[in-house]
file entry03.txt (compact mmCIF, C-alpha atoms and all ligand atoms)
# COMPACT_ATOMS: atom_id res chain seq x y z
CA MET P 555 -16.18 -9.89 31.11
CA LEU P 556 -12.58 -8.84 30.82
CA ASP P 557 -12.71 -9.91 27.21
CA PHE P 558 -15.77 -7.69 26.70
CA LEU P 559 -13.98 -4.70 28.23
CA PHE P 560 -10.90 -5.22 26.11
CA GLY P 561 -13.23 -5.52 23.15
CA LEU P 562 -14.55 -2.03 23.86
CA LEU P 563 -11.13 -0.60 24.40
CA SER P 564 -9.23 -1.93 21.46
CA HIS P 565 -9.66 -2.20 17.72
CA ASP P 566 -9.96 -5.69 16.35
CA LEU P 567 -7.45 -6.24 13.58
CA ALA P 568 -7.04 -8.28 10.45
CA ILE P 569 -3.43 -8.87 9.46
CA ASP P 570 -1.93 -10.24 6.27
CA LEU P 571 1.57 -11.21 7.26
CA GLY P 572 2.98 -11.58 3.78
CA THR P 573 6.56 -12.32 2.77
CA ALA P 574 6.65 -9.12 0.75
CA ASN P 575 4.00 -6.88 2.34
CA THR P 576 2.21 -6.60 5.64
CA LEU P 577 -1.32 -5.21 5.59
CA VAL P 578 -3.42 -4.33 8.61
CA ALA P 579 -7.13 -3.55 8.59
CA ILE P 580 -9.34 -2.40 11.44
CA LYS P 581 -12.82 -3.80 11.97
CA GLY P 582 -15.27 -1.13 10.85
CA LYS P 583 -12.58 1.06 9.28
CA GLY P 584 -10.80 -0.89 6.58
CA ILE P 585 -7.13 -1.06 5.57
CA VAL P 586 -4.90 1.28 7.58
CA ILE P 587 -1.42 -0.10 7.02
CA ARG P 588 0.22 -1.35 3.85
CA GLU P 589 3.98 -1.61 4.19
CA PRO P 590 6.81 -3.85 3.01
CA SER P 591 7.63 -6.67 5.46
CA VAL P 592 11.12 -5.38 6.23
CA VAL P 593 12.84 -4.68 9.54
CA ALA P 594 16.13 -2.82 9.94
CA MET P 595 18.10 -3.47 13.12
CA HIS P 596 21.49 -3.32 14.78
CA LYS P 597 23.30 -6.56 14.04
CA LYS P 598 24.62 -7.09 17.54
CA THR P 599 22.01 -5.62 19.87
CA LYS P 600 19.05 -6.44 17.60
CA GLN P 601 17.68 -3.01 18.41
CA VAL P 602 15.10 -2.08 15.79
CA ILE P 603 15.93 1.03 13.77
CA ALA P 604 13.19 1.08 11.16
CA ILE P 605 10.20 -0.94 10.00
CA GLY P 606 8.31 -1.05 6.72
CA MET P 607 8.99 1.31 3.82
CA GLU P 608 11.71 3.15 5.71
CA ALA P 609 13.51 -0.16 6.33
CA LYS P 610 13.03 -1.31 2.74
CA LYS P 611 14.79 1.82 1.50
CA MET P 612 17.80 0.74 3.56
CA MET P 613 18.05 -2.72 1.98
CA GLY P 614 21.40 -3.26 0.34
CA LYS P 615 22.67 0.08 1.68
CA THR P 616 23.21 -0.60 5.39
CA PRO P 617 26.60 -0.06 7.02
CA ALA P 618 28.29 -3.10 8.55
CA SER P 619 26.69 -2.56 11.96
CA LEU P 620 23.11 -2.59 10.62
CA ILE P 621 21.01 -5.11 8.77
CA ALA P 622 17.74 -4.68 6.88
CA LEU P 623 15.98 -8.03 6.57
CA ARG P 624 12.71 -9.64 5.66
CA PRO P 625 11.49 -11.54 8.72
CA LEU P 626 9.34 -13.84 6.59
CA LYS P 627 10.82 -15.94 3.86
CA GLU P 628 8.95 -18.29 1.60
CA GLY P 629 5.80 -17.82 3.64
CA VAL P 630 7.23 -18.89 6.97
CA ILE P 631 8.79 -16.99 9.84
CA ALA P 632 12.53 -16.92 9.31
CA ASP P 633 13.36 -14.44 12.08
CA PHE P 634 10.96 -14.73 15.00
CA ASP P 635 12.18 -11.68 16.97
CA ALA P 636 11.97 -9.43 13.93
CA THR P 637 8.45 -10.70 13.19
CA VAL P 638 7.34 -9.95 16.75
CA ALA P 639 8.93 -6.51 16.54
CA MET P 640 7.08 -5.81 13.30
CA LEU P 641 3.73 -7.02 14.63
CA LYS P 642 4.15 -5.06 17.88
CA HIS P 643 5.06 -1.94 15.96
CA TYR P 644 1.96 -2.11 13.75
CA ILE P 645 -0.45 -3.04 16.54
CA LYS P 646 0.84 -0.10 18.60
CA LEU P 647 0.77 2.24 15.61
CA VAL P 648 -2.83 1.36 14.81
CA HIS P 649 -3.93 2.00 18.38
CA GLU P 650 -2.10 5.27 18.65
CA SER P 651 -3.37 6.70 15.42
CA HIS P 652 -6.96 5.47 15.64
CA LYS P 653 -8.12 6.51 19.07
CA ASP P 654 -11.64 7.54 18.25
CA GLY P 655 -12.34 9.59 21.34
CA SER P 656 -15.35 7.59 22.49
CA PHE P 657 -13.48 6.58 25.60
CA PHE P 658 -11.37 9.66 25.81
CA LEU P 659 -11.00 9.35 29.56
CA LEU P 660 -9.51 5.92 29.22
CA PRO P 661 -6.29 5.24 27.42
CA LYS P 662 -6.71 2.85 24.53
CA ILE P 663 -5.24 -0.45 25.56
CA PRO P 664 -3.72 -2.29 22.63
CA ARG P 665 -5.23 -5.70 23.38
CA PRO P 666 -6.99 -6.44 20.11
CA LYS P 667 -8.49 -9.63 18.82
CA VAL P 668 -6.61 -10.40 15.63
CA VAL P 669 -7.09 -12.66 12.66
CA VAL P 670 -3.88 -13.42 10.79
CA GLY P 671 -3.66 -14.95 7.33
CA ILE P 672 -0.96 -17.65 7.16
CA PRO P 673 0.22 -19.73 4.21
CA SER P 674 -1.51 -23.10 3.97
CA GLY P 675 0.82 -25.97 4.53
CA VAL P 676 2.79 -24.35 7.34
CA THR P 677 3.71 -26.78 10.11
CA GLU P 678 2.15 -26.80 13.58
CA VAL P 679 5.35 -25.32 14.95
CA GLU P 680 5.19 -22.46 12.47
CA LYS P 681 1.51 -21.84 13.25
CA ARG P 682 2.37 -21.69 16.91
CA ALA P 683 5.16 -19.25 16.08
CA VAL P 684 2.79 -16.86 14.28
CA GLN P 685 0.24 -17.10 17.06
CA ASP P 686 2.88 -16.49 19.73
CA ALA P 687 4.17 -13.54 17.73
CA ALA P 688 0.69 -11.96 17.69
CA LEU P 689 0.09 -12.68 21.37
CA SER P 690 3.45 -11.36 22.46
CA ALA P 691 2.78 -8.31 20.28
CA GLY P 692 -0.17 -7.59 22.60
CA ALA P 693 -3.14 -9.35 21.02
CA ARG P 694 -5.64 -10.76 23.53
CA SER P 695 -6.59 -13.49 21.11
CA ALA P 696 -5.11 -14.52 17.80
CA PHE P 697 -6.84 -16.64 15.21
CA LEU P 698 -5.14 -17.98 12.14
CA ILE P 699 -6.79 -18.64 8.83
CA GLU P 700 -5.19 -20.02 5.72
CA GLU P 701 -4.30 -17.46 3.07
CA PRO P 702 -5.99 -19.14 0.10
CA MET P 703 -9.19 -19.24 2.17
CA ALA P 704 -8.76 -15.58 3.10
CA ALA P 705 -8.01 -14.69 -0.52
CA ALA P 706 -11.16 -16.48 -1.73
CA ILE P 707 -13.32 -14.76 0.89
CA GLY P 708 -11.65 -11.41 0.15
CA SER P 709 -12.30 -11.72 -3.55
CA GLY P 710 -15.99 -12.20 -2.84
CA LEU P 711 -16.30 -15.92 -3.55
CA ARG P 712 -18.65 -18.10 -1.53
CA ILE P 713 -16.51 -20.67 0.23
CA ASP P 714 -19.20 -22.53 2.15
CA SER P 715 -21.15 -23.97 -0.76
CA SER P 716 -20.48 -27.43 -2.11
CA SER P 717 -19.23 -26.08 -5.40
CA GLY P 718 -15.47 -25.89 -5.80
CA VAL P 719 -13.39 -22.73 -5.82
CA PHE P 720 -9.88 -22.65 -7.34
CA VAL P 721 -7.52 -19.99 -5.97
CA VAL P 722 -3.99 -19.10 -7.08
CA ASP P 723 -2.28 -16.54 -4.83
CA ILE P 724 1.01 -15.36 -6.34
CA GLY P 725 2.83 -13.56 -3.53
CA GLY P 726 6.45 -12.56 -2.92
CA GLY P 727 7.90 -15.81 -1.56
CA THR P 728 5.35 -18.40 -2.60
CA THR P 729 2.52 -19.14 -4.97
CA GLU P 730 -0.31 -20.93 -3.23
CA VAL P 731 -2.64 -23.05 -5.29
CA ALA P 732 -5.75 -24.32 -3.50
CA VAL P 733 -9.13 -25.89 -4.12
CA ILE P 734 -11.80 -24.96 -1.59
CA SER P 735 -15.17 -26.55 -1.00
CA LEU P 736 -17.65 -26.53 1.90
CA GLY P 737 -15.60 -24.08 3.93
CA GLY P 738 -12.44 -26.16 3.85
CA ILE P 739 -9.31 -26.59 1.76
CA VAL P 740 -9.61 -29.79 -0.25
CA ILE P 741 -6.14 -29.75 -1.78
CA ASN P 742 -3.39 -27.18 -1.82
CA ARG P 743 0.19 -26.67 -2.75
CA SER P 744 2.72 -23.99 -2.02
CA VAL P 745 5.60 -23.47 -4.46
CA ARG P 746 8.54 -21.12 -4.38
CA ALA P 747 7.90 -19.79 -7.85
CA ALA P 748 6.54 -16.30 -7.14
CA GLY P 749 7.49 -12.60 -7.14
CA ASP P 750 10.93 -12.92 -5.51
CA LYS P 751 11.94 -15.70 -7.89
CA MET P 752 10.90 -13.46 -10.81
CA ASP P 753 13.20 -10.72 -9.48
CA GLU P 754 16.00 -13.26 -9.06
CA VAL P 755 15.77 -14.55 -12.65
CA ILE P 756 15.78 -10.99 -13.98
CA GLY P 757 18.93 -10.28 -11.93
CA ASN P 758 20.59 -13.47 -13.22
CA PHE P 759 19.65 -12.68 -16.80
CA LEU P 760 21.15 -9.17 -16.64
CA ARG P 761 24.34 -10.52 -15.11
CA LEU P 762 24.81 -13.38 -17.55
CA LYS P 763 23.76 -11.68 -20.76
CA TYR P 764 24.88 -8.08 -20.17
CA GLY P 765 27.48 -8.45 -17.41
CA LEU P 766 25.41 -6.02 -15.35
CA LEU P 767 24.98 -6.39 -11.60
CA VAL P 768 21.73 -5.04 -10.13
CA GLY P 769 20.17 -5.30 -6.67
CA GLU P 770 16.85 -6.96 -5.81
CA LYS P 771 15.05 -3.63 -5.76
CA THR P 772 16.11 -2.72 -9.29
CA ALA P 773 15.18 -6.17 -10.60
CA GLU P 774 11.73 -5.78 -9.02
CA GLU P 775 11.31 -2.34 -10.59
CA VAL P 776 12.14 -3.75 -14.02
CA LYS P 777 9.58 -6.52 -13.53
CA ILE P 778 6.86 -4.07 -12.51
CA GLN P 779 7.69 -1.61 -15.31
CA ILE P 780 8.08 -3.87 -18.32
CA GLY P 781 7.62 -7.47 -17.12
CA SER P 782 5.04 -9.67 -18.81
CA ALA P 783 4.02 -13.29 -19.09
CA TRP P 784 2.75 -13.27 -22.61
CA SER P 785 3.66 -11.43 -25.76
CA GLU P 786 2.26 -7.92 -26.10
CA VAL P 787 0.78 -8.94 -29.43
CA LYS P 788 -1.44 -11.49 -27.74
CA ILE P 789 -2.27 -9.37 -24.71
CA LYS P 790 -3.19 -6.33 -26.76
CA ASP P 791 -5.15 -8.02 -29.50
CA ASN P 792 -2.49 -7.84 -32.16
CA LYS P 793 -1.32 -4.28 -31.56
CA ALA P 794 2.29 -5.09 -30.86
CA SER P 795 4.20 -2.66 -28.70
CA GLU P 796 7.53 -3.53 -27.25
CA ARG P 797 8.18 -1.57 -24.06
CA PHE P 798 11.62 -0.45 -22.93
CA THR P 799 13.30 0.72 -19.77
CA VAL P 800 16.77 1.91 -18.80
CA ILE P 801 18.49 -0.13 -16.10
CA ARG P 802 21.37 1.17 -14.03
CA GLY P 803 23.79 -1.26 -12.48
CA ARG P 804 27.44 -2.08 -12.10
CA ASP P 805 29.55 -3.54 -14.85
CA ILE P 806 31.02 -6.89 -13.76
CA GLU P 807 34.26 -6.36 -15.69
CA THR P 808 35.10 -2.77 -14.89
CA GLY P 809 33.27 -2.45 -11.58
CA LEU P 810 31.95 0.90 -12.79
CA PRO P 811 28.35 2.06 -13.09
CA ARG P 812 26.73 1.38 -16.44
CA SER P 813 23.21 1.66 -17.83
CA ILE P 814 21.54 -0.34 -20.54
CA LYS P 815 18.25 -0.09 -22.37
CA ILE P 816 16.25 -3.27 -22.33
CA GLY P 817 12.99 -4.39 -23.94
CA SER P 818 9.99 -6.31 -22.64
CA THR P 819 10.56 -9.32 -24.92
CA GLU P 820 13.88 -10.15 -23.30
CA ILE P 821 12.47 -9.72 -19.81
CA ARG P 822 9.54 -11.94 -20.70
CA GLU P 823 11.93 -14.65 -21.88
CA ALA P 824 13.87 -14.35 -18.63
CA LEU P 825 10.65 -14.64 -16.61
CA SER P 826 9.21 -17.56 -18.54
CA PRO P 827 10.71 -20.43 -16.44
CA VAL P 828 9.06 -18.99 -13.31
CA VAL P 829 5.73 -18.41 -15.07
CA ASN P 830 5.86 -21.92 -16.52
CA GLN P 831 6.57 -23.41 -13.12
CA ILE P 832 3.50 -21.64 -11.71
CA ILE P 833 1.41 -23.01 -14.57
CA ALA P 834 2.81 -26.55 -14.16
CA ASN P 835 1.75 -26.52 -10.53
CA ILE P 836 -1.74 -25.30 -11.38
CA ALA P 837 -2.01 -28.12 -13.93
CA GLU P 838 -0.92 -30.71 -11.38
CA ILE P 839 -3.47 -29.54 -8.81
CA ILE P 840 -6.16 -29.68 -11.49
CA GLU P 841 -5.19 -33.31 -12.14
CA GLU P 842 -5.57 -34.08 -8.45
CA THR P 843 -8.94 -32.31 -8.11
CA PRO P 844 -11.89 -34.67 -7.57
CA PRO P 845 -14.01 -34.82 -10.77
CA GLU P 846 -17.15 -33.42 -9.10
CA LEU P 847 -15.32 -30.28 -8.09
CA LEU P 848 -13.60 -30.03 -11.44
CA ALA P 849 -16.96 -29.60 -13.13
CA ASP P 850 -17.59 -26.46 -11.03
CA ILE P 851 -14.12 -25.12 -11.74
CA LEU P 852 -14.51 -25.67 -15.46
CA GLU P 853 -17.54 -23.45 -15.27
CA LYS P 854 -16.39 -20.79 -12.80
CA GLY P 855 -12.70 -20.81 -13.50
CA ILE P 856 -9.62 -19.88 -11.53
CA VAL P 857 -9.27 -16.75 -9.43
CA LEU P 858 -5.86 -15.06 -9.20
CA ALA P 859 -4.80 -13.08 -6.14
CA GLY P 860 -1.54 -11.63 -4.77
CA GLY P 861 0.81 -9.00 -6.17
CA GLY P 862 2.42 -11.42 -8.62
CA SER P 863 -0.92 -11.76 -10.41
CA LEU P 864 -0.40 -8.17 -11.59
CA LEU P 865 2.34 -9.34 -13.98
CA ARG P 866 1.07 -8.27 -17.39
CA GLY P 867 -0.78 -10.97 -19.27
CA ILE P 868 -0.31 -13.73 -16.69
CA ASP P 869 -4.08 -14.19 -16.43
CA LYS P 870 -4.48 -14.60 -20.17
CA PHE P 871 -1.44 -16.84 -20.48
CA ILE P 872 -2.69 -19.18 -17.72
CA ALA P 873 -6.14 -19.30 -19.33
CA GLU P 874 -4.60 -20.15 -22.70
CA SER P 875 -2.27 -22.82 -21.26
CA ILE P 876 -4.75 -24.53 -18.95
CA LYS P 877 -7.83 -23.99 -21.13
CA LEU P 878 -9.91 -22.73 -18.25
CA PRO P 879 -11.44 -19.33 -17.56
CA VAL P 880 -9.12 -17.23 -15.37
CA TRP P 881 -9.90 -13.93 -13.67
CA ARG P 882 -7.81 -11.64 -11.53
CA ALA P 883 -9.50 -10.55 -8.28
CA ASP P 884 -10.13 -6.83 -7.81
CA ASP P 885 -7.16 -5.25 -6.05
CA PRO P 886 -5.39 -8.64 -5.77
CA GLN P 887 -2.79 -7.49 -3.23
CA THR P 888 -5.45 -6.72 -0.60
CA CYS P 889 -7.58 -9.87 -1.03
CA VAL P 890 -6.09 -11.69 1.94
CA VAL P 891 -6.45 -8.83 4.43
CA ARG P 892 -9.97 -8.06 3.20
CA GLY P 893 -10.82 -11.75 3.65
CA CYS P 894 -9.41 -11.71 7.21
CA LEU P 895 -11.49 -8.61 7.91
CA LYS P 896 -14.70 -10.28 6.75
CA VAL P 897 -13.84 -13.22 9.01
CA ILE P 898 -13.25 -11.04 12.08
CA GLU P 899 -16.59 -9.35 11.48
CA ASP P 900 -18.45 -12.66 11.32
CA GLU P 901 -18.20 -15.01 14.32
CA GLN P 902 -19.81 -17.91 12.46
CA LEU P 903 -17.44 -17.62 9.55
CA LEU P 904 -14.50 -17.39 11.97
CA ALA P 905 -15.56 -20.57 13.75
CA ARG P 906 -15.80 -22.26 10.40
CA VAL P 907 -12.53 -21.28 8.77
CA LYS P 908 -10.04 -20.76 11.60
CA VAL P 909 -7.28 -23.32 11.65
CA THR P 910 -6.21 -22.52 15.16
CA GLY P 911 -6.50 -19.82 17.75
CA GLY P 912 -8.35 -18.54 20.75
CA LEU P 913 -7.70 -16.84 24.01
CA LYS P 914 -4.28 -16.70 25.56
P1 LIG P 1001 3.06 -11.40 -0.08
O1 LIG P 1001 1.66 -11.85 0.17
O2 LIG P 1001 4.04 -12.53 -0.16
O3 LIG P 1001 3.48 -10.33 0.87
P2 LIG P 1001 2.08 -9.75 -2.27
O4 LIG P 1001 0.78 -10.39 -2.59
O5 LIG P 1001 2.03 -8.44 -1.55
O6 LIG P 1001 3.07 -10.76 -1.53
O7 LIG P 1001 2.87 -9.58 -3.65
C1 LIG P 1001 4.17 -9.11 -3.66
C2 LIG P 1001 4.80 -9.42 -4.98
O8 LIG P 1001 4.02 -8.86 -6.05
C3 LIG P 1001 6.20 -8.81 -5.09
O9 LIG P 1001 7.09 -9.79 -5.60
C4 LIG P 1001 6.00 -7.69 -6.08
O10 LIG P 1001 7.18 -7.42 -6.83
C5 LIG P 1001 4.90 -8.23 -6.96
N1 LIG P 1001 4.21 -7.20 -7.73
C6 LIG P 1001 3.58 -6.10 -7.28
N2 LIG P 1001 3.09 -5.36 -8.30
C7 LIG P 1001 3.41 -6.03 -9.44
C8 LIG P 1001 3.20 -5.78 -10.84
N3 LIG P 1001 2.55 -4.71 -11.28
N4 LIG P 1001 3.69 -6.68 -11.73
C9 LIG P 1001 4.35 -7.78 -11.31
N5 LIG P 1001 4.58 -8.07 -10.02
C10 LIG P 1001 4.13 -7.21 -9.08
MG MG P 1002 0.10 -12.88 0.42

call {"tool": "encode", "arguments": {"input": "entry03.txt", "output": "structure tokens"}}
result
Amino acid sequence: MLDFLFGLLSHDLAIDLGTANTLVAIKGKGIVIREPSVVAMHKKTKQVIAIGMEAKKMMGKTPASLIALRPLKEGVIADFDATVAMLKHYIKLVHESHKDGSFFLLPKIPRPKVVVGIPSGVTEVEKRAVQDAALSAGARSAFLIEEPMAAAIGSGLRIDSSSGVFVVDIGGGTTEVAVISLGGIVINRSVRAAGDKMDEVIGNFLRLKYGLLVGEKTAEEVKIQIGSAWSEVKIKDNKASERFTVIRGRDIETGLPRSIKIGSTEIREALSPVVNQIIANIAEIIEETPPELLADILEKGIVLAGGGSLLRGIDKFIAESIKLPVWRADDPQTCVVRGCLKVIEDEQLLARVKVTGGLK
């Protein structure tokens, strides 16, 4: 009964707690929050100063007394308090800004049912940590589903049939490779070759080759602007076009600001070890896939999700290397939250795919 009342009074939420971005969607309304997973706080008191985009802008610029950090690293919770603070903030924000007036005499009580996407392969302790974070952020019940499952559902694939589905979710901290059949994950692997690693190798390359120091944010901008996995010639059907960008950083020798112009070929070469590591892991999972499922995958191919799948040409390069059809899901960065939303709207699906969760 109480559960029913809370159900009327609060919005049920789907949350993608990503290492790079947190997305929140409301049942019946769609995606309402899409922010970087960053929290800025006082070092000593741990008092939260800013969350999301505002906090990301502070990264690398905070005075000694403040710190701007990413509470999730490599797909797991690295700073529990900061994760709870972030979840609480978003749950409260959603309830404050989406009072729909139907119960205008009653204050909206933020006690939602939530479905959270978590990386597959997290330990029981880590699952418990995510669930506790959602519950202590005010959720009345928190269900967890595995991200590759959520990504598959979000990209519109049928996960309950006996034919296999192959998902590669390239996020910030990790790339998750998974084979799904009959509503369950048959095999999966999580590797640390993903968006952050790409930024890191770009930073290393600029330092070693040009003696230029740049921050994480600049390296990420370079990747998004001119990064690619495969030569432009191949991506663009033989119309070669090298792309360039100007990078500002600090000269290692002089310590002074300096800018250089750099082309996409060099950045692609810098990125290639990370891209190759992603491909090697896909190949290994294919080798481990039971032959019956492999036949389905040969036919239907691999679906790419996550922000890292937006790297130019990565879909074509994977297809060429693995010799399998590859397609990028529509709006790959929102696949997981859209999958969680479908799950929260469908009790039967929830019962089928949840890995853990329930009432407090
Ligand atoms: P997570 O699920 O870990 O939060 P996301 O799926 O949101 O991660 O993806 C974030 C990653 O995608 C970041 O490393 C970001 O730099 C990268 N990314 C976003 N857009 C692009 C793009 N156009 N090209 C290459 N990488 C991108
Ligand atoms: Mg993700």

call {"tool": "atom_distance", "arguments": {"input": "entry03.txt", "atom1": "CA of Asn835 (chain P)", "atom2": "CA of Phe871 (chain P)"}}
result
14.2 Å

call {"tool": "residues_near_ligand", "arguments": {"input": "entry03.txt", "ligand": "ligand LIG 1001 (chain P)", "cutoff": "9 Å", "atoms": "only C-alpha atoms and all ligand atoms", "output": "PyMOL selection string"}}
result
chain P and resi 570-577+590-591+626-629+673+701+723-729+748-753+771+773-775+777-782+859-866+886-890

call {"tool": "closest_residue", "arguments": {"input": "entry03.txt", "among": "P:Ala687, P:Ile856, P:Ala604, P:Val722", "to": "ligand MG 1002 (chain P)", "atoms": "all atoms listed in the file"}}
result
P:Val722

call {"tool": "atom_distance", "arguments": {"input": "entry03.txt", "atom1": "CA of Leu567 (chain P)", "atom2": "CA of Ser695 (chain P)"}}
result
10.5 Å

call {"tool": "atom_distance", "arguments": {"input": "entry03.txt", "atom1": "CA of Ala568 (chain P)", "atom2": "CA of Gly582 (chain P)"}}
result
10.9 Å

call {"tool": "residues_around", "arguments": {"input": "entry03.txt", "residues": "Gly671 (chain P)", "least_positions_apart": "2", "cutoff": "10 Å", "atoms": "all atoms listed in the file", "output": "list in words"}}
result
Ala568, Ile569, Asp570, Leu571, Gly572, Val668, Val669, Pro673, Ser674, Val684, Phe697, Leu698, Ile699, Glu700, Glu701, Pro702, Met703, Ala704, Ala705, Val890, Val891, Gly893, Cys894 and Lys908 of chain P

call {"tool": "closest_residue", "arguments": {"input": "entry03.txt", "among": "P:Ala632, P:Ile814, P:Val731, P:Leu641", "to": "ligand MG 1002 (chain P)", "atoms": "all atoms listed in the file"}}
result
P:Val731

call {"tool": "closest_residue", "arguments": {"input": "entry03.txt", "among": "P:Val630, P:Ile839, P:Val768, P:Ile585", "to": "ligand MG 1002 (chain P)", "atoms": "all atoms listed in the file"}}
result
P:Val630

call {"tool": "closest_residue", "arguments": {"input": "entry03.txt", "among": "P:Ser818, P:Ala636, P:Ile672, P:Ile605", "to": "ligand MG 1002 (chain P)", "atoms": "only C-alpha atoms and all ligand atoms"}}
result
P:Ile672

call {"tool": "closest_residue", "arguments": {"input": "entry03.txt", "among": "P:Met607, P:Ile821, P:Ala693, P:Ala594", "to": "Asp566 (chain P)", "atoms": "all atoms listed in the file"}}
result
P:Ala693

call {"tool": "closest_residue", "arguments": {"input": "entry03.txt", "among": "P:Glu730, P:Asp884, P:Asp686, P:Glu650", "to": "ligand MG 1002 (chain P)", "atoms": "all atoms listed in the file"}}
result
P:Glu730

call {"tool": "residues_around", "arguments": {"input": "entry03.txt", "residues": "Thr843 (chain P)", "least_positions_apart": "6", "cutoff": "10 Å", "atoms": "all atoms listed in the file", "output": "PyMOL selection string"}}
result
chain P and resi 718+720+732-733+740-742+837+849+851

call {"tool": "write_last_selection", "arguments": {"input": "entry03.txt", "atoms": "C-alpha atoms", "output": "short mmCIF file (atom, residue, chain, number, x, y, z; two decimals), in the coordinates of the input"}}
result
data_model
loop_
_atom_site.label_atom_id
_atom_site.label_comp_id
_atom_site.auth_asym_id
_atom_site.auth_seq_id
_atom_site.Cartn_x
_atom_site.Cartn_y
_atom_site.Cartn_z
CA GLY P 718 -15.47 -25.89 -5.80
CA PHE P 720 -9.88 -22.65 -7.34
CA ALA P 732 -5.75 -24.32 -3.50
CA VAL P 733 -9.13 -25.89 -4.12
CA VAL P 740 -9.61 -29.79 -0.25
CA ILE P 741 -6.14 -29.75 -1.78
CA ASN P 742 -3.39 -27.18 -1.82
CA ALA P 837 -2.01 -28.12 -13.93
CA ALA P 849 -16.96 -29.60 -13.13
CA ILE P 851 -14.12 -25.12 -11.74
#

call {"tool": "residues_around", "arguments": {"input": "entry03.txt", "residues": "Val638 (chain P)", "least_positions_apart": "4", "cutoff": "10 Å", "atoms": "only C-alpha atoms", "output": "MDAnalysis selection string"}}
result
chainID P and resid 625 631 633:634 642:644 683:684 686:692
